[in-house]
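Just final_9.csv here, CSV, C-alpha atoms and all ligand atoms:
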chain,number,residue,atom,x,y,z
N,3,MET,CA,101.2,126.7,80.5
N,4,LEU,CA,98.3,124.3,81.1
N,5,THR,CA,94.9,125.1,79.6
N,6,ARG,CA,92.5,122.1,79.7
N,7,PHE,CA,92.2,118.5,80.7
N,8,ASN,CA,92.0,116.4,77.5
N,9,HIS,CA,91.8,112.7,78.5
N,10,VAL,CA,92.7,110.0,80.9
N,11,ALA,CA,94.1,106.8,79.2
N,12,ILE,CA,93.4,103.4,80.7
N,13,VAL,CA,95.1,100.2,79.5
N,14,VAL,CA,92.7,97.3,79.6
N,15,PRO,CA,93.2,93.5,79.1
N,16,ASP,CA,90.2,93.2,76.8
N,17,LEU,CA,89.1,96.2,74.7
N,18,GLU,CA,85.8,94.7,73.6
N,19,GLU,CA,84.8,93.8,77.1
N,20,ALA,CA,85.9,97.2,78.4
N,21,LYS,CA,83.9,99.0,75.7
N,22,ASN,CA,80.8,97.0,76.4
N,23,LYS,CA,81.1,97.5,80.2
N,24,TYR,CA,81.3,101.3,79.9
N,25,LYS,CA,78.4,101.2,77.4
N,26,ASP,CA,76.1,98.7,79.2
N,27,VAL,CA,76.9,99.3,82.9
N,28,LEU,CA,77.6,103.1,82.8
N,29,ASN,CA,75.5,104.0,79.7
N,30,ALA,CA,78.5,105.7,78.3
N,31,ASN,CA,78.8,107.0,74.7
N,32,VAL,CA,81.6,104.8,73.3
N,33,SER,CA,83.3,104.8,69.9
N,34,GLU,CA,84.1,101.8,67.8
N,35,ILE,CA,87.6,100.2,68.3
N,36,ILE,CA,90.1,102.3,66.3
N,37,ASN,CA,93.6,100.8,65.5
N,38,TYR,CA,96.5,103.2,65.4
N,39,GLU,CA,99.1,101.1,63.7
N,40,GLU,CA,101.8,103.8,63.8
N,41,HIS,CA,101.3,104.3,67.5
N,42,GLY,CA,100.9,100.6,68.4
N,43,VAL,CA,97.6,101.0,70.2
N,44,SER,CA,94.0,100.2,69.7
N,45,VAL,CA,91.6,102.7,71.3
N,46,VAL,CA,88.0,103.1,72.3
N,47,PHE,CA,86.9,106.7,73.1
N,48,VAL,CA,84.4,107.1,75.9
N,49,ASN,CA,83.0,110.5,75.1
N,50,LEU,CA,82.0,112.6,78.1
N,51,GLY,CA,81.2,116.0,76.6
N,52,ASN,CA,83.7,118.0,78.5
N,53,THR,CA,86.4,115.4,78.3
N,54,LYS,CA,87.0,111.7,77.4
N,55,ILE,CA,88.4,108.4,78.6
N,56,GLU,CA,90.6,106.5,76.2
N,57,LEU,CA,90.5,102.7,76.7
N,58,MET,CA,93.7,101.3,75.2
N,59,TYR,CA,95.0,97.9,74.2
N,60,PRO,CA,98.4,97.0,72.6
N,61,TYR,CA,98.4,96.8,68.8
N,62,GLY,CA,101.2,94.8,67.2
N,63,GLU,CA,104.3,93.3,68.7
N,64,LYS,CA,106.2,96.5,69.2
N,65,SER,CA,103.4,98.3,71.1
N,66,PRO,CA,104.7,100.9,73.7
N,67,ILE,CA,102.0,99.7,76.2
N,68,LYS,CA,102.7,95.9,75.9
N,69,ASN,CA,105.0,95.9,79.0
N,70,PHE,CA,102.6,98.0,80.9
N,71,LEU,CA,99.8,95.5,80.4
N,72,GLU,CA,102.1,92.7,81.4
N,73,LYS,CA,102.8,94.4,84.6
N,74,ASN,CA,99.1,95.4,85.1
N,75,MET,CA,97.2,92.4,83.9
N,76,ASN,CA,93.9,93.6,85.2
N,77,GLY,CA,94.3,97.0,83.6
N,78,ALA,CA,95.4,100.4,85.1
N,79,ILE,CA,95.5,104.1,84.4
N,80,HIS,CA,98.3,104.7,82.0
N,81,HIS,CA,98.5,108.5,81.7
N,82,ILE,CA,96.6,111.7,81.8
N,83,CYS,CA,96.6,114.3,79.0
N,84,LEU,CA,96.7,118.0,79.5
N,85,GLU,CA,96.5,120.7,76.9
N,86,VAL,CA,99.0,123.5,76.5
N,87,LYS,CA,99.0,126.6,74.4
N,88,ASP,CA,102.3,126.2,72.7
N,89,ILE,CA,103.9,122.8,73.0
N,90,TYR,CA,107.3,123.8,71.4
N,91,LYS,CA,107.7,126.6,73.9
N,92,THR,CA,106.6,124.4,76.7
N,93,ALA,CA,109.2,121.8,75.7
N,94,GLU,CA,111.9,124.4,75.9
N,95,GLU,CA,110.7,125.7,79.3
N,96,LEU,CA,110.5,122.2,80.8
N,97,LYS,CA,114.1,121.4,79.7
N,98,LYS,CA,115.3,124.5,81.5
N,99,LYS,CA,113.4,123.3,84.6
N,100,ASN,CA,115.2,119.9,84.3
N,101,ILE,CA,112.0,118.0,83.7
N,102,ARG,CA,112.7,114.9,81.7
N,103,ILE,CA,110.8,114.5,78.4
N,104,LEU,CA,110.5,110.9,77.1
N,105,GLY,CA,112.1,110.1,73.8
N,106,ASP,CA,114.3,112.7,72.1
N,107,GLY,CA,112.6,115.6,73.9
N,108,THR,CA,110.8,117.1,70.9
N,109,PRO,CA,107.0,117.0,70.4
N,110,LYS,CA,105.7,114.2,68.1
N,111,ASN,CA,102.4,113.8,66.4
N,112,GLY,CA,100.1,111.9,68.7
N,113,ALA,CA,96.9,109.9,68.1
N,114,HIS,CA,94.8,113.0,67.6
N,115,ASN,CA,97.2,114.3,65.0
N,116,LYS,CA,98.4,117.1,67.2
N,117,PRO,CA,102.0,117.3,68.6
N,118,VAL,CA,102.4,115.8,72.0
N,119,LEU,CA,105.1,115.0,74.5
N,120,PHE,CA,105.3,112.8,77.6
N,121,LEU,CA,106.9,113.9,80.9
N,122,HIS,CA,108.9,111.3,82.9
N,123,PRO,CA,106.6,109.9,85.7
N,124,LYS,CA,109.5,110.2,88.2
N,125,ASP,CA,109.5,113.9,87.7
N,126,PHE,CA,105.7,114.1,88.4
N,127,PHE,CA,104.9,112.0,91.4
N,128,GLY,CA,104.4,108.7,89.6
N,129,THR,CA,102.0,109.9,87.0
N,130,LEU,CA,102.8,109.8,83.3
N,131,ILE,CA,101.7,113.1,81.8
N,132,GLU,CA,101.0,113.7,78.1
N,133,LEU,CA,101.0,117.3,77.1
N,134,GLU,CA,99.1,118.1,73.9
N,135,GLN,CA,99.0,121.2,71.7
N,136,GLU,CA,95.5,122.6,72.2
V,201,CO,CO,96.9,110.0,75.4

Take the structure I supplied and represent it as structure tokens, if you would.
Amino acid sequence: MLTRFNHVAIVVPDLEEAKNKYKDVLNANVSEIINYEEHGVSVVFVNLGNTKIELMYPYGEKSPIKNFLEKNMNGAIHHICLEVKDIYKTAEELKKKNIRILGDGTPKNGAHNKPVLFLHPKDFFGTLIELEQE
């Protein structure tokens, strides 16, 4: 099922500050701040060649990560993203194995314009896992 590691997403209390810290302290290659209105997040990509870190901050009042930031005011790892060959087939197999998929259980277009789904953290040892079509 799994093929590659895609990214780790970290929710931060101040996106500009986090961006500059990765850039100035760790000499990282960072993107500009990108607002994804339809996903309710603002993101900075820390590009690492073989993978990336996504620094995230809530965008708008209905942001899906608003509560997470309120509970983790200093910031925290939000999810990891792993790639799969066939996300639709994967979704069917996971349902058969009684793994809970968040939302209505079908893949939705994610921030990279590829279909993604999220697995319930309680079914995976406390980690929210995003699966993305490779
Ligand atoms: Co993600």

Neighbour list for Ile101 in chain N as a list in words, cut-off 10 Å, all atoms listed in the file, skip fewer than 6 positions in-chain: Ala93, Glu95, Leu121, His122, Pro123, Lys124, Asp125 and Phe126 of chain N

Residue nearest ligand CO 201 (chain V) - candidates N:Glu19, N:Glu94, N:Glu39, N:Glu132, atoms counted: all atoms listed in the file: N:Glu132

Would you mind listing, for every residue of chain N within 10 Å of ligand CO 201 (chain V), the two atoms forming the shortest contact and the distance between them in Å to one decimal, using all atoms listed in the file, sorted by chain and ascending residue number, as a Markdown table?
| residue | atom | partner | partner_atom | distance |
| --- | --- | --- | --- | --- |
| N:Asn8 | CA | V:CO201 | CO | 8.3 |
| N:His9 | CA | V:CO201 | CO | 6.6 |
| N:Val10 | CA | V:CO201 | CO | 6.9 |
| N:Ala11 | CA | V:CO201 | CO | 5.7 |
| N:Ile12 | CA | V:CO201 | CO | 9.2 |
| N:Val45 | CA | V:CO201 | CO | 9.9 |
| N:Ile55 | CA | V:CO201 | CO | 9.2 |
| N:Glu56 | CA | V:CO201 | CO | 7.3 |
| N:Leu57 | CA | V:CO201 | CO | 9.8 |
| N:Met58 | CA | V:CO201 | CO | 9.3 |
| N:His80 | CA | V:CO201 | CO | 8.6 |
| N:His81 | CA | V:CO201 | CO | 6.7 |
| N:Ile82 | CA | V:CO201 | CO | 6.6 |
| N:Cys83 | CA | V:CO201 | CO | 5.6 |
| N:Leu84 | CA | V:CO201 | CO | 9.0 |
| N:Gly112 | CA | V:CO201 | CO | 7.7 |
| N:Ala113 | CA | V:CO201 | CO | 7.3 |
| N:His114 | CA | V:CO201 | CO | 8.6 |
| N:Val118 | CA | V:CO201 | CO | 8.7 |
| N:Leu119 | CA | V:CO201 | CO | 9.6 |
| N:Phe120 | CA | V:CO201 | CO | 9.1 |
| N:Leu130 | CA | V:CO201 | CO | 9.9 |
| N:Ile131 | CA | V:CO201 | CO | 8.6 |
| N:Glu132 | CA | V:CO201 | CO | 6.1 |
| N:Leu133 | CA | V:CO201 | CO | 8.5 |
| N:Glu134 | CA | V:CO201 | CO | 8.5 |

Around range 38-50 of chain N, fit a box with edges along x, y and z, padding it by 4 Å on each side, then list its centre and edge lengths in Å to one decimal as AutoDock Vina command-line options.
--center_x 91.9 --center_y 106.4 --center_z 70.9 --size_x 27.8 --size_y 20.4 --size_z 22.4

Selected residue of minimal separation from Lys87 in chain N among N:Asp106, N:Pro66, N:Tyr61, N:Glu136, counting all atoms listed in the file: N:Glu136

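Proximity to Gln135 in chain N was assessed for N:Asn115, N:Glu85, N:Lys110, N:Asn69 counting only C-alpha atoms; the smallest distance is recorded for N:Glu85.
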
N, CA and C atoms modelled onto range 35-53 of chain N, as a PDB file, keeping the file's coordinate frame:
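As a result, selection.pdb now contains:
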ATOM      1  N   ILE N  35      86.144 100.436  68.063  1.00  0.00           N
ATOM      2  CA  ILE N  35      87.600 100.200  68.300  1.00  0.00           C
ATOM      3  C   ILE N  35      88.347 100.790  67.096  1.00  0.00           C
ATOM      4  N   ILE N  36      89.314 101.657  67.387  1.00  0.00           N
ATOM      5  CA  ILE N  36      90.100 102.300  66.300  1.00  0.00           C
ATOM      6  C   ILE N  36      91.571 101.791  66.494  1.00  0.00           C
ATOM      7  N   ASN N  37      92.157 101.242  65.416  1.00  0.00           N
ATOM      8  CA  ASN N  37      93.600 100.800  65.500  1.00  0.00           C
ATOM      9  C   ASN N  37      94.488 101.873  64.969  1.00  0.00           C
ATOM     10  N   TYR N  38      95.437 102.240  65.803  1.00  0.00           N
ATOM     11  CA  TYR N  38      96.500 103.200  65.400  1.00  0.00           C
ATOM     12  C   TYR N  38      97.766 102.429  65.208  1.00  0.00           C
ATOM     13  N   GLU N  39      97.942 101.920  63.996  1.00  0.00           N
ATOM     14  CA  GLU N  39      99.100 101.100  63.700  1.00  0.00           C
ATOM     15  C   GLU N  39     100.398 101.773  64.030  1.00  0.00           C
ATOM     16  N   GLU N  40     100.503 103.048  63.616  1.00  0.00           N
ATOM     17  CA  GLU N  40     101.800 103.800  63.800  1.00  0.00           C
ATOM     18  C   GLU N  40     102.071 104.085  65.257  1.00  0.00           C
ATOM     19  N   HIS N  41     101.046 104.067  66.117  1.00  0.00           N
ATOM     20  CA  HIS N  41     101.300 104.300  67.500  1.00  0.00           C
ATOM     21  C   HIS N  41     101.270 103.006  68.352  1.00  0.00           C
ATOM     22  N   GLY N  42     100.930 101.897  67.698  1.00  0.00           N
ATOM     23  CA  GLY N  42     100.900 100.600  68.400  1.00  0.00           C
ATOM     24  C   GLY N  42      99.854 100.455  69.435  1.00  0.00           C
ATOM     25  N   VAL N  43      98.712 101.127  69.221  1.00  0.00           N
ATOM     26  CA  VAL N  43      97.600 101.000  70.200  1.00  0.00           C
ATOM     27  C   VAL N  43      96.266 100.889  69.454  1.00  0.00           C
ATOM     28  N   SER N  44      95.357 100.171  70.075  1.00  0.00           N
ATOM     29  CA  SER N  44      94.000 100.200  69.700  1.00  0.00           C
ATOM     30  C   SER N  44      93.204 100.941  70.756  1.00  0.00           C
ATOM     31  N   VAL N  45      92.267 101.794  70.331  1.00  0.00           N
ATOM     32  CA  VAL N  45      91.600 102.700  71.300  1.00  0.00           C
ATOM     33  C   VAL N  45      90.121 102.713  71.144  1.00  0.00           C
ATOM     34  N   VAL N  46      89.429 102.796  72.265  1.00  0.00           N
ATOM     35  CA  VAL N  46      88.000 103.100  72.300  1.00  0.00           C
ATOM     36  C   VAL N  46      87.853 104.429  73.046  1.00  0.00           C
ATOM     37  N   PHE N  47      87.156 105.385  72.445  1.00  0.00           N
ATOM     38  CA  PHE N  47      86.900 106.700  73.100  1.00  0.00           C
ATOM     39  C   PHE N  47      85.605 106.599  73.872  1.00  0.00           C
ATOM     40  N   VAL N  48      85.649 106.940  75.151  1.00  0.00           N
ATOM     41  CA  VAL N  48      84.400 107.100  75.900  1.00  0.00           C
ATOM     42  C   VAL N  48      84.198 108.620  75.996  1.00  0.00           C
ATOM     43  N   ASN N  49      83.201 109.065  75.270  1.00  0.00           N
ATOM     44  CA  ASN N  49      83.000 110.500  75.100  1.00  0.00           C
ATOM     45  C   ASN N  49      82.112 111.046  76.246  1.00  0.00           C
ATOM     46  N   LEU N  50      82.648 112.055  76.904  1.00  0.00           N
ATOM     47  CA  LEU N  50      82.000 112.600  78.100  1.00  0.00           C
ATOM     48  C   LEU N  50      81.597 114.064  77.931  1.00  0.00           C
ATOM     49  N   GLY N  51      81.609 114.571  76.739  1.00  0.00           N
ATOM     50  CA  GLY N  51      81.200 116.000  76.600  1.00  0.00           C
ATOM     51  C   GLY N  51      82.358 116.912  76.868  1.00  0.00           C
ATOM     52  N   ASN N  52      82.647 117.111  78.140  1.00  0.00           N
ATOM     53  CA  ASN N  52      83.700 118.000  78.500  1.00  0.00           C
ATOM     54  C   ASN N  52      85.110 117.399  78.452  1.00  0.00           C
ATOM     55  N   THR N  53      85.155 116.057  78.389  1.00  0.00           N
ATOM     56  CA  THR N  53      86.400 115.400  78.300  1.00  0.00           C
ATOM     57  C   THR N  53      86.212 113.938  77.829  1.00  0.00           C
TER      58      THR N  53
END
